[in-house]
>>> print(open('run-v2.txt').read())   # compact mmCIF, C-alpha atoms
# COMPACT_ATOMS: atom_id res chain seq x y z
CA MET A 1 -1.02 1.23 2.29
CA ALA A 2 2.74 1.76 2.56
CA VAL A 3 4.28 1.34 -0.87
CA ASP A 4 6.99 -1.31 -1.15
CA SER A 5 9.56 0.31 -3.44
CA TYR A 6 11.01 -3.07 -4.32
CA ALA A 7 7.76 -4.89 -5.07
CA PHE A 8 8.29 -4.94 -8.84
CA LEU A 9 12.09 -4.79 -8.87
CA PRO A 10 14.12 -7.92 -9.74
CA ARG A 11 15.60 -9.19 -6.49
CA ALA A 12 19.15 -9.04 -7.85
CA PHE A 13 18.89 -5.26 -8.32
CA ARG A 14 17.74 -4.51 -4.78
CA PRO A 15 21.17 -4.31 -3.06
CA MET A 16 22.32 -1.74 -5.60
CA TYR A 17 19.44 0.56 -4.69
CA GLU A 18 19.68 -0.11 -0.98
CA ALA A 19 23.37 0.83 -1.06
CA VAL A 20 22.56 4.36 -2.24
CA GLU A 21 23.05 6.67 0.73
CA ARG A 22 20.69 9.47 1.61
CA HIS A 23 22.07 12.64 0.04
CA ASP A 24 23.42 15.27 2.38
CA HIS A 25 22.43 18.18 0.16
CA ASP A 26 19.65 20.41 1.41
CA PRO A 27 16.22 19.75 -0.09
CA VAL A 28 14.95 22.31 -2.55
CA TRP A 29 11.50 23.80 -2.31
CA ALA A 30 9.32 26.09 -4.38
CA ASP A 31 5.99 27.14 -2.85
CA PHE A 32 2.83 26.26 -4.69
CA ASP A 33 0.94 29.38 -3.79
CA ARG A 34 -2.20 29.42 -5.87
CA PRO A 35 -5.43 27.44 -6.04
CA LEU A 36 -5.31 24.34 -8.22
CA ASN A 37 -8.22 25.59 -10.29
CA GLY A 38 -6.14 28.57 -11.31
CA ALA A 39 -2.91 26.70 -11.99
CA ARG A 40 -1.28 25.64 -15.25
CA ILE A 41 0.19 22.15 -14.99
CA GLY A 42 2.73 20.30 -17.14
CA LEU A 43 4.13 16.76 -17.26
CA LEU A 44 7.61 15.25 -17.45
CA SER A 45 8.13 11.55 -18.16
CA SER A 46 11.32 9.50 -18.41
CA ALA A 47 9.68 6.73 -20.44
CA GLY A 48 11.56 7.55 -23.66
CA ILE A 49 8.51 8.88 -25.55
CA TYR A 50 9.10 10.88 -28.76
CA LEU A 51 7.16 12.04 -31.82
CA ALA A 52 7.67 9.34 -34.43
CA ASP A 53 7.33 11.56 -37.50
CA ARG A 54 9.47 14.52 -36.51
CA GLN A 55 11.87 13.67 -33.67
CA GLU A 56 14.90 11.43 -33.40
CA PRO A 57 14.48 8.38 -31.18
CA PHE A 58 16.63 8.33 -28.05
CA ASP A 59 20.05 6.96 -29.01
CA VAL A 60 19.87 3.36 -27.87
CA GLU A 61 22.46 2.25 -30.42
CA ARG A 62 25.16 4.22 -28.60
CA GLU A 63 23.86 2.82 -25.30
CA ARG A 64 24.30 -0.69 -26.70
CA ARG A 65 27.92 0.17 -27.55
CA GLU A 66 28.49 2.03 -24.25
CA PRO A 67 26.34 0.33 -21.61
CA THR A 68 27.08 2.88 -18.86
CA TRP A 69 25.83 5.76 -21.06
CA GLY A 70 22.22 6.86 -21.56
CA ASP A 71 20.90 9.47 -24.00
CA PRO A 72 20.41 12.66 -21.90
CA THR A 73 18.54 14.73 -24.49
CA LEU A 74 15.03 16.20 -24.31
CA ARG A 75 11.96 15.73 -26.49
CA ILE A 76 9.09 18.24 -26.44
CA ILE A 77 5.64 16.64 -26.58
CA PRO A 78 2.87 19.05 -27.60
CA ASN A 79 -0.31 18.97 -25.54
CA ASP A 80 -2.39 18.16 -28.62
CA VAL A 81 -0.39 15.00 -29.39
CA THR A 82 -2.33 11.90 -30.39
CA GLN A 83 -1.51 8.32 -29.48
CA SER A 84 -0.67 7.41 -33.06
CA GLN A 85 2.00 10.13 -33.21
CA ILE A 86 4.19 8.72 -30.47
CA ASP A 87 6.82 6.05 -30.27
CA ALA A 88 9.22 5.17 -27.46
CA THR A 89 12.78 3.92 -27.09
CA HIS A 90 13.84 2.56 -23.73
CA LEU A 91 15.99 -0.53 -23.23
CA HIS A 92 15.12 -0.93 -19.53
CA ILE A 93 11.36 -1.30 -19.71
CA ASN A 94 8.83 -2.92 -22.02
CA THR A 95 7.21 -0.04 -23.93
CA THR A 96 4.26 -2.07 -25.29
CA ASP A 97 1.70 -0.65 -22.86
CA MET A 98 2.62 3.00 -23.32
CA LEU A 99 2.45 2.55 -27.09
CA ALA A 100 -1.12 1.33 -26.57
CA ASP A 101 -1.96 4.09 -24.07
CA MET A 102 0.61 6.78 -23.30
CA ASN A 103 -1.45 7.86 -20.28
CA VAL A 104 0.03 5.02 -18.24
CA ALA A 105 3.29 7.02 -18.17
CA MET A 106 2.39 10.50 -19.44
CA PRO A 107 -1.30 11.18 -18.72
CA ILE A 108 -1.87 14.06 -21.12
CA ALA A 109 -5.48 13.06 -21.83
CA ARG A 110 -6.29 12.75 -18.12
CA LEU A 111 -4.71 16.14 -17.38
CA ASN A 112 -6.80 17.78 -20.10
CA GLU A 113 -9.94 16.19 -18.66
CA LEU A 114 -9.10 17.70 -15.27
CA ALA A 115 -8.72 21.11 -16.92
CA ALA A 116 -12.06 20.67 -18.68
CA ASP A 117 -13.85 19.87 -15.42
CA GLY A 118 -12.23 22.80 -13.61
CA THR A 119 -10.00 20.81 -11.25
CA ILE A 120 -6.96 22.66 -12.62
CA GLY A 121 -6.81 25.98 -14.40
CA SER A 122 -5.14 24.91 -17.62
CA VAL A 123 -2.68 22.51 -19.21
CA SER A 124 0.75 23.47 -20.44
CA PRO A 125 0.99 23.76 -24.25
CA GLU A 126 3.92 21.35 -24.08
CA HIS A 127 5.19 18.47 -21.98
CA TYR A 128 8.68 17.02 -21.53
CA SER A 129 10.10 13.60 -22.32
CA VAL A 130 13.47 12.09 -21.45
CA MET A 131 14.86 8.57 -21.30
CA GLY A 132 15.45 7.52 -17.73
CA TYR A 133 18.61 5.46 -17.87
CA GLN A 134 21.51 7.88 -17.31
CA GLU A 135 25.18 7.57 -16.59
CA ASN A 136 26.28 7.96 -12.97
CA GLY A 137 25.69 11.46 -11.73
CA ALA A 138 23.46 12.44 -14.67
CA GLU A 139 25.72 15.42 -15.30
CA VAL A 140 24.15 16.43 -18.64
CA TRP A 141 20.71 16.36 -17.06
CA ARG A 142 21.97 18.58 -14.22
CA ILE A 143 23.86 21.07 -16.37
CA THR A 144 21.92 21.16 -19.65
CA THR A 145 18.63 19.23 -19.83
CA GLY A 146 17.25 20.29 -16.43
CA PRO A 147 17.87 24.02 -16.99
CA GLU A 148 16.40 23.71 -20.49
CA ILE A 149 13.20 22.16 -19.10
CA ALA A 150 13.03 24.77 -16.34
CA ALA A 151 13.42 27.62 -18.84
CA ARG A 152 10.69 26.18 -21.04
CA CYS A 153 8.38 25.76 -18.02
CA HIS A 154 8.82 29.44 -17.20
CA ALA A 155 8.30 30.44 -20.85
CA SER A 156 5.05 28.44 -20.90
CA ASP A 157 3.90 29.98 -17.60
CA ILE A 158 3.68 26.57 -15.96
CA ASP A 159 2.82 26.77 -12.25
CA ALA A 160 3.83 23.20 -11.39
CA LEU A 161 5.29 20.14 -13.06
CA ILE A 162 4.36 16.52 -12.38
CA LEU A 163 7.29 14.18 -12.90
CA ALA A 164 6.98 10.46 -13.52
CA PRO A 165 10.08 8.28 -13.61
CA ALA A 166 9.47 5.24 -15.76
CA MET B 1 14.81 11.99 -12.44
CA PRO B 2 15.58 13.38 -8.94
CA VAL B 3 18.34 15.44 -10.59
CA LEU B 4 15.78 17.05 -12.91
CA ALA B 5 13.33 17.56 -10.06
CA ARG B 6 15.94 19.47 -8.06
CA VAL B 7 16.99 21.70 -10.97
CA ILE B 8 13.40 22.52 -11.92
CA GLU B 9 12.27 23.12 -8.33
CA ALA B 10 15.34 25.32 -7.69
CA SER B 11 14.27 27.48 -10.64
CA GLY B 12 10.99 28.20 -8.82
CA ILE B 13 8.69 25.59 -10.40
CA PRO B 14 7.08 23.30 -7.78
CA THR B 15 7.36 19.60 -8.63
CA VAL B 16 5.62 16.38 -7.63
CA THR B 17 7.39 13.09 -8.35
CA VAL B 18 5.10 10.09 -8.96
CA THR B 19 7.28 7.05 -8.48
CA MET B 20 7.34 3.28 -8.01
CA MET B 21 10.44 3.72 -5.84
CA PRO B 22 9.56 6.42 -3.29
CA VAL B 23 12.41 5.23 -1.07
CA MET B 24 14.87 6.41 -3.73
CA ALA B 25 13.12 9.76 -4.17
CA GLU B 26 13.41 10.20 -0.40
CA LYS B 27 17.14 9.41 -0.51
CA TYR B 28 17.54 12.16 -3.11
CA ARG B 29 15.43 14.42 -0.88
CA ALA B 30 12.77 15.20 -3.47
CA SER B 31 10.29 17.88 -2.47
CA ARG B 32 6.95 16.08 -2.94
CA VAL B 33 6.77 12.33 -3.54
CA LEU B 34 3.73 10.23 -4.45
CA GLY B 35 4.62 6.55 -4.08
CA VAL B 36 2.75 4.04 -6.24
CA GLN B 37 3.09 0.28 -6.07
CA PHE B 38 2.72 -0.24 -9.80
CA PRO B 39 4.98 -2.00 -12.32
CA PHE B 40 7.70 0.12 -13.88
CA GLY B 41 6.59 2.14 -16.89
CA HIS B 42 3.09 2.51 -15.41
CA ALA B 43 3.32 5.38 -12.92
CA PHE B 44 -0.34 6.31 -13.45
CA GLY B 45 -1.94 2.88 -13.83
CA GLU B 46 -3.16 0.28 -16.26
CA VAL B 47 -3.66 0.59 -20.01
CA GLY B 48 -7.12 1.97 -20.75
CA ASN B 49 -8.02 2.30 -17.06
CA VAL B 50 -9.17 5.91 -17.10
CA ASP B 51 -10.44 5.88 -13.51
CA MET B 52 -7.13 4.56 -12.18
CA GLN B 53 -5.05 7.04 -14.18
CA THR B 54 -7.28 9.92 -13.07
CA HIS B 55 -7.16 8.79 -9.44
CA THR B 56 -3.36 8.76 -9.50
CA LEU B 57 -3.17 12.15 -11.19
CA ARG B 58 -5.65 13.64 -8.73
CA ALA B 59 -3.54 12.31 -5.86
CA ALA B 60 -0.45 14.00 -7.33
CA LEU B 61 -2.33 17.28 -7.65
CA GLY B 62 -3.69 16.89 -4.12
CA LEU B 63 -0.14 16.47 -2.83
CA LEU B 64 0.94 19.55 -4.77
CA ALA B 65 -1.79 21.58 -3.10
CA SER B 66 -1.40 20.18 0.42
CA ALA B 67 2.35 19.77 1.04
CA THR B 68 3.69 22.48 3.31
CA GLY B 69 7.40 21.74 3.22
CA PRO B 70 10.11 19.68 1.53
CA GLU B 71 10.44 15.89 1.67
CA THR B 72 6.72 15.26 1.89
CA ARG B 73 5.83 11.67 0.92
CA VAL B 74 2.37 10.26 0.39
CA ASP B 75 1.75 6.66 -0.71
CA LEU B 76 -1.18 5.94 -3.00
CA ASP B 77 -3.62 3.51 -1.45
CA THR B 78 -4.22 1.60 -4.67
CA ALA B 79 -3.15 -1.96 -5.37
CA TRP B 80 -2.30 -3.06 -8.91
CA PRO B 81 -5.55 -4.59 -10.17
CA GLY B 82 -3.96 -7.40 -12.16
CA ASP B 83 -1.81 -10.39 -11.19
CA PRO B 84 1.37 -8.89 -9.68
CA LYS B 85 3.49 -11.84 -10.84
CA GLN B 86 2.35 -11.35 -14.41
CA ALA B 87 2.85 -7.58 -14.14
CA TYR B 88 6.38 -8.22 -12.82
CA LYS B 89 7.16 -10.21 -15.96
CA ASP B 90 5.36 -7.88 -18.34
CA TRP B 91 7.11 -4.62 -17.48
CA GLN B 92 10.57 -6.02 -18.19
CA PRO B 93 12.21 -5.68 -21.59
CA SER B 94 12.39 -8.71 -23.86
CA GLU B 95 16.16 -8.82 -23.51
CA PRO B 96 18.43 -7.60 -20.69
CA SER B 97 19.40 -3.93 -20.93
CA PRO B 98 22.99 -3.25 -22.05
CA ILE B 99 24.17 -2.44 -18.53
CA VAL B 100 22.62 -5.63 -17.14
CA ALA B 101 24.10 -7.73 -19.95
CA HIS B 102 27.45 -6.01 -19.40
CA SER B 103 27.33 -6.67 -15.65
CA LEU B 104 26.38 -10.32 -16.14
CA GLU B 105 29.32 -10.76 -18.51
CA GLN B 106 31.66 -9.24 -15.94
CA ILE B 107 30.38 -11.69 -13.30
CA ARG B 108 30.87 -14.63 -15.68
CA GLN B 109 34.37 -13.41 -16.54
CA ALA B 110 35.31 -13.17 -12.85
CA ARG B 111 34.04 -16.72 -12.30
CA ARG B 112 36.07 -18.02 -15.24
CA GLU B 113 39.19 -16.35 -13.87
CA ARG B 114 38.69 -17.91 -10.44
CA ARG B 115 38.62 -21.41 -11.90
>>> encode(input="run-v2.txt", output="structure tokens")
Amino acid sequence: MAVDSYAFLPRAFRPMYEAVERHDHDPVWADFDRPLNGARIGLLSSAGIYLADRQEPFDVERERREPTWGDPTLRIIPNDVTQSQIDATHLHINTTDMLADMNVAMPIARLNELAADGTIGSVSPEHYSVMGYQENGAEVWRITTGPEIAARCHASDIDALILAPA
Amino acid sequence: MPVLARVIEASGIPTVTVTMMPVMAEKYRASRVLGVQFPFGHAFGEVGNVDMQTHTLRAALGLLASATGPETRVDLDTAWPGDPKQAYKDWQPSEPSPIVAHSLEQIRQARRERR
């Protein structure tokens, strides 16, 4: 089945996405050079998930005042997080389902099950959460948030990261 | 998200992007792309549907292990189990996002000025 990228997108938004030209930068590539059952895997979601009792929500109040701006900061989600510990702020999607089951956007429980059955070697001690609406160019993500995530992945000995835009 | 994927991959960490809009990930030349035809906010599947979430995650891991070079795209052969029209309504926020509200106001303003 070929996925229709526009199947769930409001029709009015489609021309904006279609107008984006294919980038002329070279693709980047890091080899995945070990067996899955020996690899440590982490997750990155842009669904706006954060820890309700100890982290600041993503700043949607500023986004309301400045509609072209989106909070570019990072939240660290520990691997032992429970559903009741999380909340989410995201003005571009309905967060009801992920507040009922975060695995729809950040499948920490599923990843741990795959470690338990030996499909993967282990799960990262931490996962990464951002809020997906960003200003044009996403400069803070490129210069600050991305390198911060990369450094933390290396510090946690992560062998690969699975990213899920919301 | 493609910006983050590039930075992280460039640091030596392989990435897989699981996305409802694989065409956009391709435009940004992401390394490994798993396309899913699911409503936004649900990259791995339905609430409480463990089998569906696991199937999607296994497909992402399979792509990680099998891709041999950049710009590899695989589409997940799984249809959304529920009513797509209802899912289309359900994923959207209860009120337009600030940028959408802002854009609509600009359109209305331009119309007023033309009159």
>>> residues_near_point(input="run-v2.txt", point="(3.0, 17.8, -3.2)", cutoff="6 Å", atoms="all atoms listed in the file", output="list in words")
Val16, Arg32, Leu63, Leu64 and Ala67 of chain B
>>> closest_residue(input="run-v2.txt", among="A:Asn94, A:Gln55, A:Thr73, A:Ser45", to="Lys89 (chain B)", atoms="only C-alpha atoms")
A:Asn94
>>> closest_atom_pairs(input="run-v2.txt", of="chain B", to="chain A", cutoff="7 Å", atoms="all atoms listed in the file", output="Markdown table")
| residue | atom | partner | partner_atom | distance |
| --- | --- | --- | --- | --- |
| B:Met1 | CA | A:Pro165 | CA | 6.1 |
| B:Val3 | CA | A:Arg142 | CA | 6.0 |
| B:Leu4 | CA | A:Gly146 | CA | 5.0 |
| B:Arg6 | CA | A:Val28 | CA | 6.3 |
| B:Val7 | CA | A:Gly146 | CA | 5.6 |
| B:Ile8 | CA | A:Ala150 | CA | 5.0 |
| B:Glu9 | CA | A:Ala30 | CA | 5.8 |
| B:Ala10 | CA | A:Val28 | CA | 6.0 |
| B:Ser11 | CA | A:Ala150 | CA | 6.4 |
| B:Gly12 | CA | A:Ala30 | CA | 5.2 |
| B:Ile13 | CA | A:Ala160 | CA | 5.5 |
| B:Pro14 | CA | A:Ala160 | CA | 4.9 |
| B:Thr15 | CA | A:Leu161 | CA | 4.9 |
| B:Val16 | CA | A:Ile162 | CA | 4.9 |
| B:Thr17 | CA | A:Leu163 | CA | 4.7 |
| B:Val18 | CA | A:Ala164 | CA | 4.9 |
| B:Thr19 | CA | A:Pro165 | CA | 6.0 |
| B:Met20 | CA | A:Ser5 | CA | 5.9 |
| B:Met21 | CA | A:Ser5 | CA | 4.3 |
| B:Pro22 | CA | A:Ser5 | CA | 6.1 |
| B:Val23 | CA | A:Ser5 | CA | 6.2 |
| B:Lys27 | CA | A:Arg22 | CA | 4.1 |
| B:Tyr28 | CA | A:His23 | CA | 5.5 |
| B:Arg29 | CA | A:Pro27 | CA | 5.4 |
| B:Ala30 | CA | A:Pro27 | CA | 6.6 |
| B:Ser31 | CA | A:Trp29 | CA | 6.0 |
| B:Gly35 | CA | A:Val3 | CA | 6.1 |
| B:Val36 | CA | A:Val3 | CA | 6.2 |
| B:Gln37 | CA | A:Val3 | CA | 5.4 |
| B:Pro39 | CA | A:Phe8 | CA | 5.6 |
| B:Phe40 | CA | A:Ala166 | CA | 5.7 |
| B:Gly41 | CA | A:Ala166 | CA | 4.4 |
| B:His42 | CA | A:Val104 | CA | 4.9 |
| B:Ala43 | CA | A:Ala105 | CA | 5.5 |
| B:Phe44 | CA | A:Val104 | CA | 5.0 |
| B:Gly45 | CA | A:Val104 | CA | 5.3 |
| B:Glu46 | CA | A:Val104 | CA | 6.0 |
| B:Val47 | CA | A:Asp101 | CA | 5.6 |
| B:Gly48 | CA | A:Asp101 | CA | 6.5 |
| B:Gln53 | CA | A:Val104 | CA | 6.8 |
| B:Thr54 | CA | A:Arg110 | CA | 5.9 |
| B:Leu64 | CA | A:Phe32 | CA | 7.0 |
| B:Ala65 | CA | A:Phe32 | CA | 6.8 |
| B:Pro70 | CA | A:Trp29 | CA | 5.8 |
| B:Asp75 | CA | A:Val3 | CA | 5.9 |
| B:Asp77 | CA | A:Met1 | CA | 5.1 |
| B:Tyr88 | CA | A:Phe8 | CA | 5.5 |
| B:Trp91 | CA | A:Asn94 | CA | 5.1 |
| B:Gln92 | CA | A:Ile93 | CA | 5.0 |
| B:Pro93 | CA | A:Asn94 | CA | 4.4 |
| B:Ser97 | CA | A:Leu91 | CA | 5.3 |
| B:Pro98 | CA | A:Pro67 | CA | 4.9 |
| B:Ile99 | CA | A:Pro67 | CA | 4.7 |
| B:His102 | CA | A:Pro67 | CA | 6.8 |
>>> atom_distance(input="run-v2.txt", atom1="CA of Leu57 (chain B)", atom2="CA of Asn112 (chain A)")
11.1 Å
>>> atom_distance(input="run-v2.txt", atom1="CA of Pro125 (chain A)", atom2="CA of Ala39 (chain A)")
13.2 Å
>>> atom_distance(input="run-v2.txt", atom1="CA of Met52 (chain B)", atom2="CA of Val74 (chain B)")
16.8 Å
>>> closest_residue(input="run-v2.txt", among="B:Phe38, B:Leu61, B:Val33, B:Ser66", to="Ala79 (chain B)", atoms="all atoms listed in the file")
B:Phe38
>>> residues_around(input="run-v2.txt", residues="Thr89 (chain A)", least_positions_apart="4", cutoff="7 Å", atoms="only C-alpha atoms", output="list in words")
Gly48, Ile49, Pro57 and Phe58 of chain A
